[in-house]
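The structure under discussion appears below in the form of structure tokens.
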Amino acid sequence: MQQQIRTLGNRVMMAFARGVLRAVSDSTARQTLQVELLRGELRDGVERMQNYGFTAHPHPGADAAIAFVAGNREQGIALVVDDRRYRLKLEPGEVAMYDDLGNKIQLLRDRVQITAVQALKIDAPSVDITGLLTNNGKIVGSTHTHPGDSGGTTGAPN
């Protein structure tokens with residue numbers, strides 16, 4: 001009986017691990033990782049589960065939390081990957097998407113802020129803005145208002 005309890009305890013202890021990301025492969029339907037676990041244990045082909053609609057390609061050196069089905073170290077699933085080197089500091093209730101270059105979309109307490117390091121491109125057949133639009137730079141190209149709109153710029157760029 002003690003041996004069975006010891007075996008069960010070992011499986012439970014082997015079911016979860018914390019590790020450091022060493023490599024990422026995005027060549028298959030599900031991203032796979034090479035992860036170095038805490039005692040120098042290197043695992044290749046660890047599948048990374050990501051939330052639907054969101055994906056990322058983390059850098060080596062990021063932290064990972066891995067679950068192993070029934071404690072079997074050959075069947076790892078990365079549940080979470082985080083990289084403290086780039087993580088934003090937020091106030092309670094705030095949310096953000098960000099990358100390692102400084103691009104970010106932040107849902108802050110008092111505003112939504114989009115920061116693009118190089119350029120912001122919007123591809124859409126139509127863009128509607130409700131509220132005051134402030135331009136602190138140059139408008140390149142042409143702008144116009146639709147009939148019935150109040151104010152705005154028509155014709156040549158500023």
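Following the order of the structure tokens, first chain is A, next is B, and so on, with residues numbered from 1 inside each chain and ligands from 1 in the order they appear.
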Expected answer as a ChimeraX atom specification: strand (DSSP E or B) residues in segment 17-109 of chain A: /A:17-25,32-37,42-48,63-68,76-82,95-98,104-107
Nearby residues (only C-alpha atoms) at most 12 Å from Arg30 of chain A, same-chain spacing under 3 positions excluded, as a ChimeraX atom specification: /A:24-27,33,45-52,55-57,77-78
Give me the residues within 10 Å of segment 92-99 of chain A as an mmCIF file with N, CA, C and O atoms, in the first residue's frame, counting only C-alpha atoms and dropping any in the same chain fewer than 2 places off.
data_model
loop_
_atom_site.group_PDB
_atom_site.id
_atom_site.type_symbol
_atom_site.label_atom_id
_atom_site.label_comp_id
_atom_site.auth_asym_id
_atom_site.auth_seq_id
_atom_site.Cartn_x
_atom_site.Cartn_y
_atom_site.Cartn_z
ATOM 1 N N PHE A 54 -6.159 34.513 -30.312
ATOM 2 C CA PHE A 54 -4.936 35.157 -29.849
ATOM 3 C C PHE A 54 -3.770 34.211 -30.073
ATOM 4 O O PHE A 54 -3.865 33.018 -29.791
ATOM 5 N N ALA A 56 0.835 34.154 -30.236
ATOM 6 C CA ALA A 56 2.089 34.867 -30.045
ATOM 7 C C ALA A 56 3.234 33.907 -30.336
ATOM 8 O O ALA A 56 3.073 32.687 -30.277
ATOM 9 N N HIS A 57 4.366 34.464 -30.661
ATOM 10 C CA HIS A 57 5.590 33.692 -30.874
ATOM 11 C C HIS A 57 6.616 34.226 -29.876
ATOM 12 O O HIS A 57 7.322 35.187 -30.169
ATOM 13 N N PRO A 58 6.665 33.638 -28.692
ATOM 14 C CA PRO A 58 7.536 34.177 -27.648
ATOM 15 C C PRO A 58 9.019 33.964 -27.945
ATOM 16 O O PRO A 58 9.391 33.077 -28.711
ATOM 17 N N TYR A 86 9.241 41.906 -21.005
ATOM 18 C CA TYR A 86 8.446 42.820 -21.826
ATOM 19 C C TYR A 86 7.078 43.153 -21.226
ATOM 20 O O TYR A 86 6.381 43.998 -21.751
ATOM 21 N N ARG A 87 6.697 42.503 -20.163
ATOM 22 C CA ARG A 87 5.356 42.676 -19.610
ATOM 23 C C ARG A 87 5.111 44.109 -19.157
ATOM 24 O O ARG A 87 5.976 44.732 -18.547
ATOM 25 N N LEU A 88 3.938 44.617 -19.483
ATOM 26 C CA LEU A 88 3.541 45.964 -19.073
ATOM 27 C C LEU A 88 3.025 45.936 -17.642
ATOM 28 O O LEU A 88 2.414 44.956 -17.211
ATOM 29 N N LYS A 89 3.203 47.021 -16.938
ATOM 30 C CA LYS A 89 2.637 47.182 -15.594
ATOM 31 C C LYS A 89 1.332 47.957 -15.743
ATOM 32 O O LYS A 89 1.302 49.016 -16.345
ATOM 33 N N LEU A 90 0.257 47.432 -15.205
ATOM 34 C CA LEU A 90 -1.071 48.015 -15.372
ATOM 35 C C LEU A 90 -1.716 48.283 -14.017
ATOM 36 O O LEU A 90 -1.329 47.695 -13.007
ATOM 37 N N LEU A 101 8.724 45.072 -29.081
ATOM 38 C CA LEU A 101 9.221 46.311 -29.691
ATOM 39 C C LEU A 101 8.624 47.573 -29.066
ATOM 40 O O LEU A 101 9.100 48.671 -29.315
ATOM 41 N N GLY A 102 7.541 47.416 -28.316
ATOM 42 C CA GLY A 102 6.875 48.572 -27.723
ATOM 43 C C GLY A 102 5.522 48.868 -28.350
ATOM 44 O O GLY A 102 4.844 49.808 -27.949
ATOM 45 N N ASN A 103 5.099 48.089 -29.348
ATOM 46 C CA ASN A 103 3.742 48.231 -29.891
ATOM 47 C C ASN A 103 2.772 47.733 -28.838
ATOM 48 O O ASN A 103 3.017 46.713 -28.188
ATOM 49 N N LYS A 104 1.663 48.457 -28.675
ATOM 50 C CA LYS A 104 0.711 48.011 -27.653
ATOM 51 C C LYS A 104 -0.673 48.596 -27.879
ATOM 52 O O LYS A 104 -0.827 49.667 -28.458
ATOM 53 N N ILE A 105 -1.643 47.853 -27.418
ATOM 54 C CA ILE A 105 -3.036 48.300 -27.336
ATOM 55 C C ILE A 105 -3.405 48.166 -25.871
ATOM 56 O O ILE A 105 -3.354 47.068 -25.312
ATOM 57 N N GLN A 106 -3.734 49.298 -25.252
ATOM 58 C CA GLN A 106 -4.035 49.300 -23.835
ATOM 59 C C GLN A 106 -5.463 49.767 -23.585
ATOM 60 O O GLN A 106 -5.869 50.806 -24.100
ATOM 61 N N LEU A 107 -6.192 48.988 -22.804
ATOM 62 C CA LEU A 107 -7.514 49.391 -22.342
ATOM 63 C C LEU A 107 -7.310 49.900 -20.917
ATOM 64 O O LEU A 107 -7.269 49.140 -19.968
ATOM 65 N N LEU A 108 -7.111 51.218 -20.830
ATOM 66 C CA LEU A 108 -6.785 51.849 -19.557
ATOM 67 C C LEU A 108 -8.046 52.344 -18.873
ATOM 68 O O LEU A 108 -9.136 52.336 -19.440
ATOM 69 N N ARG A 109 -7.918 52.805 -17.655
ATOM 70 C CA ARG A 109 -9.067 53.281 -16.880
ATOM 71 C C ARG A 109 -9.758 54.453 -17.560
ATOM 72 O O ARG A 109 -10.967 54.575 -17.509
ATOM 73 N N ASP A 110 -8.994 55.359 -18.189
ATOM 74 C CA ASP A 110 -9.576 56.585 -18.725
ATOM 75 C C ASP A 110 -9.536 56.688 -20.244
ATOM 76 O O ASP A 110 -9.975 57.691 -20.801
ATOM 77 N N VAL A 112 -8.591 54.304 -24.269
ATOM 78 C CA VAL A 112 -7.963 53.219 -25.007
ATOM 79 C C VAL A 112 -6.779 53.843 -25.724
ATOM 80 O O VAL A 112 -6.930 54.857 -26.406
ATOM 81 N N GLN A 113 -5.616 53.273 -25.554
ATOM 82 C CA GLN A 113 -4.409 53.856 -26.139
ATOM 83 C C GLN A 113 -3.736 52.834 -27.044
ATOM 84 O O GLN A 113 -3.456 51.717 -26.623
ATOM 85 N N ILE A 114 -3.495 53.248 -28.285
ATOM 86 C CA ILE A 114 -2.782 52.412 -29.248
ATOM 87 C C ILE A 114 -1.437 53.072 -29.517
ATOM 88 O O ILE A 114 -1.375 54.240 -29.884
ATOM 89 N N THR A 115 -0.372 52.337 -29.306
ATOM 90 C CA THR A 115 0.975 52.836 -29.565
ATOM 91 C C THR A 115 1.603 51.969 -30.643
ATOM 92 O O THR A 115 1.725 50.758 -30.464
#
Pairwise distance for atom CA of Ala67 of chain A and atom CA of Arg6 of chain A, rounded to one decimal in Å: 19.9 Å
Atomic distance atom CA of Ile5 of chain A - atom CA of Arg73 of chain A, expressed in Å with one decimal: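 Atom CA of Arg73 of chain A lies 19.4 Å from atom CA of Ile5 of chain A.
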